[in-house]
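K.L.:
Here it is, the structure, as structure tokens.
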Amino acid sequence: MTGEALPARLVEFTGALREHGVAVGPGETVDAAAAVDVLGLADRARLREALAATLLRRSGQRQVFDALFDLYFPAAVGKSEAIDATSDTAPDTVARLRDELVAALAAGDAERLRALAAAGVDAFGQFGPAGEGGSGGAAELSGWSAHQTLELVRPQALLSRVLQAMRSGGAFERALAEQQARAAIAGFGEQVRAEARRRTAEVRGRDRVARHAVPPPAELVPFTSASREQLEQLRRTVQPLSRKLATRLAARARRARRGSVDLRRTLRRSLATGGVAMRPAWRQRRPGRPELVLLCDMSGSVAGFAQFTLLLMQALADQFSKVRSFAFVGRTDEVTELVREGAREPENLAARIMSQARLTRWGTNSDYGESLDTFVSEWLDAVGPRTSVLILGDGRTNGGDPNLPALRQIAERARHVYWLNPQPEGLWGTGDSAARRYARVVPMYECRDARQLSRLVTELLPG
Amino acid sequence: MQQPLFSSVDEVVERLAGAGYLASNAVATTVFLADRLGKPLLVEGPAGVGKTELARALAQATSSELVRLQCYEGIDEARALYEWNHAKQLLRITAARDERWDTTREEVFSEEYLLPRPLLTAIRNAEPTVLLIDETDKADVEMEGLLLEVLGDFQVTVPELGTITAARRPLVLLTSNATRELSEALKRRCLFLHLDFPSPELERDIVTLRVPELDVRLAESLVRVVGALRGMELRKAPSIAETVDWARTLLALGADTVDEQVVRTSLGVLLKYQADHRKAMTELRLDSLLDPASP
């Protein structure tokens with residue numbers, strides 16, 4: 001790359017980052033340019049780190065950054081160097097590629113895996129009219145598909161062969177090998193996707209690919225549409241947030257505690273300053289423990305959100321000393337014990353809650369009126385003056401009575417009540433949504449993705 | 001502009017290695033940039049990946065003095081910047097009964113009665129300094145405001161003495177476990193480094209560097225087990241320090257292979273929670289010996 005092209009490329013790159021929800025200001029771009037200036041362009045790995053250090057601000061952004069970096073600062077053009085270097089051994093049939101893949105996975109040969117990913121895309125990933133980046137309609141339709149490649153190669157199905165090739169002895173060795181092999185296979189899939197993106201970008205133009213093929217960062221994936229893999233990532237994002245929430249509530253209690261002067265200790269302390277009370281000693285009280293009650297909608301309309309709700313429930317149960325969780329669909333039941341037991345096996349927790357707790361009378365439609373009613377009549381003693389109540393749900397009553405008095409009753413007893421709604425604010429109050437009416441009783445916040453949740457926890461919740 | 005500490009990224013790697021710290025590409029590059037661009041470096045990441053250790057190694061590698069400010073909830077200016085020694089001032093005032101007030105006043109607000117805290121110490125130090133601001137996320141937001149001011153211009157104003165400007169810019173490292181999002185303003189002033197657990201190769205090298213008596217093959221399988229543990233969703237993943245501890249334990253036990261017997265007896269060195277322990281036992285099938293029915 002020439003010296004003149006670089007600033008332009010850098011600006012394009014930061015623009016793409018911005019489009020993917022990574023806030024990069026002009027100041028950062030200038031820093032990045034300064035970094036490139038002192039570092040030079042010779043080493044691509046270092047260039048990547050330098051740009052990451054100057055452009056990124058939080059850890060969750062790294063995946064998007066890496067995907068875009070590969071597009072805007074590609075290691076190679078056309079076929080990957082990796083295949084050219086090993087062209088005589090580049091596999092030409094799916095069976096041969098799979099054989100080679102097994103060997104590379106078993107040996108843990110990262111270099112070879114990258115070459116195979118490139119070779120796989122090159123051999124089996126092309127679709128549309130062939131040709132080296134023609135213009136117009138043909139280019140629009142052609143490209144390289146990671147999906148197509150992975151469908152053919154099916155690396156997941158290689159697990160048992162890889163394990164066999166690793167020839168591990170006892171049960172422990174096998175378990176260890178399996179962990180490793182699974183991670184390596186997932187990594188291979190990622191490399192195939194990166195390679196396909198890179199090659200497609202050459203045909204269709206970087207901007208288009210950057211816009212459509214690079215997935216958004218985990219923190220911007222809506223809870224309601226997260227895939228299994230994304231939920232796994234979300235779990236990692238939500239975990240520290242719950243700790244944050246806990247420390248915030250605790251910190252507030254500590255600040256509120258200050259206020260009254262401990263006269264005896266102040267006088268004792270003043271001896272050091274010749275009887276002048278320079279530093280007052282504050283009375284210390286035993287720390288009060290914040291209590292939390294979670295009230296969660298588990299109905300079909302918020303199925304994806306319920307997954308997230310469970311994540312949050314579990315994460316919070318770890319952090320607070322006293323958390324009681326309640327789930328509702330048509331009526332409310334306590335699920336505290338189920339959540340606690342589910343910590344070991346989070347995958348099927350939702351199913352177990354649905355089957356073991358009494359959440360419905362009939363159907364899977366939520367009935368907010370009835371649910372709030374059962375909560376108030378059976379569990380209201382769970383809410384006290386030190387309790388914060390967190391309600392998670394979309395507030396869609398399916399035409400039923402929203403039962404505002406019950407919510408008001410909860411709000412009167414609790415210290416705080418917050419309502420997190422997974423639907424965009426624009427939809428509140430439309431159709432059968434009673435969100436607007438509930439929002440007049442307790443503060444309601446739109447909470448669709450991890451970033452909004454993080455904002456809620458750090459800025460809004462301490463009231 | 002003062003003389004940079006390092007002339008190239010490779011030199012960073014080399015000199016840190018000399019101080020017993022094996023730096024990854026990311027670490028070396030960002031450290032080099034922090035030095036060259038004169039910006040503070042914010043290091044974020046899980047506990048036990050060597051954030052504090054990096055500062056210590058940097059100080060040693062550049063023969064600088066390490067000044068450490070440990071943040072905690074409620075830390076204030078008096079603890080971070082400077083404080084007047086009130087007790088000593090009062091003594092001075094009581095001792096000077098016959099003196100004119102003007103003279104006394106001049107006297108009690110002089111250098112002698114100033115208690116410099118880490119930030120002021122780092123700024124006044126004429127020798128090369130590494131300033132470590134540890135666990136920045138524990139401090140309150142007000143503290144971040146103070147840091148902004150100090151790290152922005154590297155100067156401090158003491159009303160009675162005037163402005164003190166850094167004789168020599170310290171190399172500043174801030175660490176954070178990300179329990180709280182730091183303010184945008186602070187982040188914008190810093191270079192950002194996300195420090196994660198090292199790659200298996202790097203961790204193996206770290207272990208062999210710290211425990212040289214350990215067989216390389218043994219170190220390799222040890223790192224493999226630690227990697228598998230980190231891949232699980234544990235409450236607290238084993239840190240590098242714990243890997244090293246484990247290596248020492250294996251050495252003390254006289255183990256020559258990492259088999260299930262060894263792992264089962266010494267897992268407590270790596271995992272500190274009962275629940276994690278149980279999870280690791282099932283996922284690594286360490287309980288199979290107790291239960292002959294399972295394969």
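Starting from 1 in every chain, residues are counted up; chains themselves are A, B, ... following the order of the structure tokens, and ligands are numbered from 1 as listed.
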Residues of chain A within 7 Å of chain B, counting only C-alpha atoms - could you list those as number ranges by chain?
P.N.:
A: 35, 46, 49-50, 53-54, 56-57, 59, 171-172, 175-176, 179-180, 240, 243-244, 272-273
K.L.:
Might you pull out every residue within 9 Å of segment 167-175 of chain B, with only C-alpha atoms counted and same-chain residues fewer than 6 positions away left off, and present them as a ChimeraX atom specification?
P.N.:
/B:2,34-35,38-45,51-52,54-55,122-137,151,154,190
K.L.:
Give the strand (DSSP E or B) residues of segment 94-271 of chain B, as DSSP finds them on the backbone, and put them as a PyMOL selection string.
P.N.:
chain B and resi 114-116+129-134+155-158+162-165+171-176+191-194
K.L.:
Please report the interatomic distance between atom CA of Ala123 of chain A and atom CA of Ala184 of chain A in Å with one decimal.
P.N.:
21.3 Å
K.L.:
Would you mind listing what lies within 6 Å of Tyr368 of chain A as a PyMOL selection string, with only C-alpha atoms counted and same-chain residues fewer than 2 positions away left out?
P.N.:
chain A and resi 370-372+397+402
K.L.:
B:Leu209, B:Ala17, B:Ala237, B:Val262: which is nearest Leu222 of chain B, counting only C-alpha atoms?
P.N.:
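Checking each of B:Leu209, B:Ala17, B:Ala237, B:Val262 against Leu222 of chain B, counting only C-alpha atoms, the winner is B:Val262.
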K.L.:
Based on the backbone DSSP call, show me all residues of segment 222-255 of chain B assigned alpha helix (DSSP H), as a PyMOL selection string.
P.N.:
chain B and resi 222-231+240-253
K.L.:
Write out the residues from the selection above, keeping N, CA, C and O atoms, as a short mmCIF file (atom, residue, chain, number, x, y, z; two decimals), in the first residue's frame.
P.N.:
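Here's the written file result_2.cif:
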data_model
loop_
_atom_site.label_atom_id
_atom_site.label_comp_id
_atom_site.auth_asym_id
_atom_site.auth_seq_id
_atom_site.Cartn_x
_atom_site.Cartn_y
_atom_site.Cartn_z
N LEU B 222 0.12 -30.02 30.86
CA LEU B 222 -0.45 -29.22 31.95
C LEU B 222 -1.22 -28.02 31.39
O LEU B 222 -2.35 -27.73 31.78
N VAL B 223 -0.60 -27.37 30.43
CA VAL B 223 -1.24 -26.22 29.80
C VAL B 223 -2.50 -26.64 29.06
O VAL B 223 -3.50 -25.93 29.02
N ARG B 224 -2.47 -27.85 28.50
CA ARG B 224 -3.63 -28.37 27.80
C ARG B 224 -4.83 -28.52 28.74
O ARG B 224 -5.94 -28.15 28.40
N VAL B 225 -4.57 -29.05 29.93
CA VAL B 225 -5.65 -29.21 30.89
C VAL B 225 -6.19 -27.85 31.31
O VAL B 225 -7.40 -27.62 31.36
N VAL B 226 -5.29 -26.91 31.58
CA VAL B 226 -5.72 -25.58 31.98
C VAL B 226 -6.57 -24.94 30.87
O VAL B 226 -7.60 -24.34 31.14
N GLY B 227 -6.14 -25.14 29.62
CA GLY B 227 -6.90 -24.61 28.50
C GLY B 227 -8.31 -25.18 28.45
O GLY B 227 -9.28 -24.46 28.23
N ALA B 228 -8.42 -26.49 28.68
CA ALA B 228 -9.73 -27.13 28.67
C ALA B 228 -10.60 -26.56 29.78
O ALA B 228 -11.79 -26.32 29.60
N LEU B 229 -10.00 -26.33 30.94
CA LEU B 229 -10.76 -25.76 32.06
C LEU B 229 -11.26 -24.37 31.71
O LEU B 229 -12.40 -24.02 32.02
N ARG B 230 -10.42 -23.58 31.06
CA ARG B 230 -10.84 -22.22 30.72
C ARG B 230 -11.95 -22.23 29.68
O ARG B 230 -12.73 -21.30 29.60
N GLY B 231 -11.99 -23.30 28.87
CA GLY B 231 -13.04 -23.41 27.87
C GLY B 231 -14.41 -23.65 28.48
O GLY B 231 -15.43 -23.41 27.84
N ILE B 240 -2.95 -17.39 35.19
CA ILE B 240 -1.60 -17.83 34.86
C ILE B 240 -0.84 -18.18 36.13
O ILE B 240 -0.14 -19.19 36.20
N ALA B 241 -1.03 -17.35 37.15
CA ALA B 241 -0.34 -17.60 38.41
C ALA B 241 -0.72 -18.97 38.95
O ALA B 241 0.11 -19.70 39.50
N GLU B 242 -1.98 -19.34 38.77
CA GLU B 242 -2.43 -20.64 39.26
C GLU B 242 -1.85 -21.78 38.44
O GLU B 242 -1.55 -22.84 38.98
N THR B 243 -1.68 -21.54 37.13
CA THR B 243 -1.01 -22.56 36.30
C THR B 243 0.39 -22.80 36.82
O THR B 243 0.85 -23.94 36.94
N VAL B 244 1.09 -21.70 37.13
CA VAL B 244 2.46 -21.82 37.62
C VAL B 244 2.47 -22.54 38.97
O VAL B 244 3.30 -23.43 39.21
N ASP B 245 1.52 -22.18 39.83
CA ASP B 245 1.41 -22.86 41.13
C ASP B 245 1.21 -24.35 40.93
O ASP B 245 1.78 -25.18 41.64
N TRP B 246 0.38 -24.66 39.94
CA TRP B 246 0.06 -26.07 39.69
C TRP B 246 1.30 -26.81 39.22
O TRP B 246 1.58 -27.93 39.63
N ALA B 247 2.07 -26.13 38.36
CA ALA B 247 3.31 -26.74 37.89
C ALA B 247 4.22 -27.05 39.07
O ALA B 247 4.80 -28.14 39.16
N ARG B 248 4.31 -26.11 40.01
CA ARG B 248 5.15 -26.34 41.20
C ARG B 248 4.60 -27.52 42.01
O ARG B 248 5.37 -28.33 42.54
N THR B 249 3.27 -27.58 42.11
CA THR B 249 2.65 -28.66 42.88
C THR B 249 3.01 -30.01 42.27
O THR B 249 3.39 -30.95 42.98
N LEU B 250 2.87 -30.10 40.92
CA LEU B 250 3.17 -31.36 40.25
C LEU B 250 4.62 -31.75 40.49
O LEU B 250 4.95 -32.91 40.71
N LEU B 251 5.48 -30.75 40.47
CA LEU B 251 6.89 -30.99 40.70
C LEU B 251 7.09 -31.56 42.11
O LEU B 251 7.83 -32.53 42.31
N ALA B 252 6.39 -30.94 43.07
CA ALA B 252 6.52 -31.38 44.46
C ALA B 252 5.96 -32.78 44.64
O ALA B 252 6.48 -33.59 45.42
N LEU B 253 4.89 -33.09 43.89
CA LEU B 253 4.29 -34.42 44.00
C LEU B 253 5.16 -35.46 43.30
O LEU B 253 4.94 -36.66 43.46
#
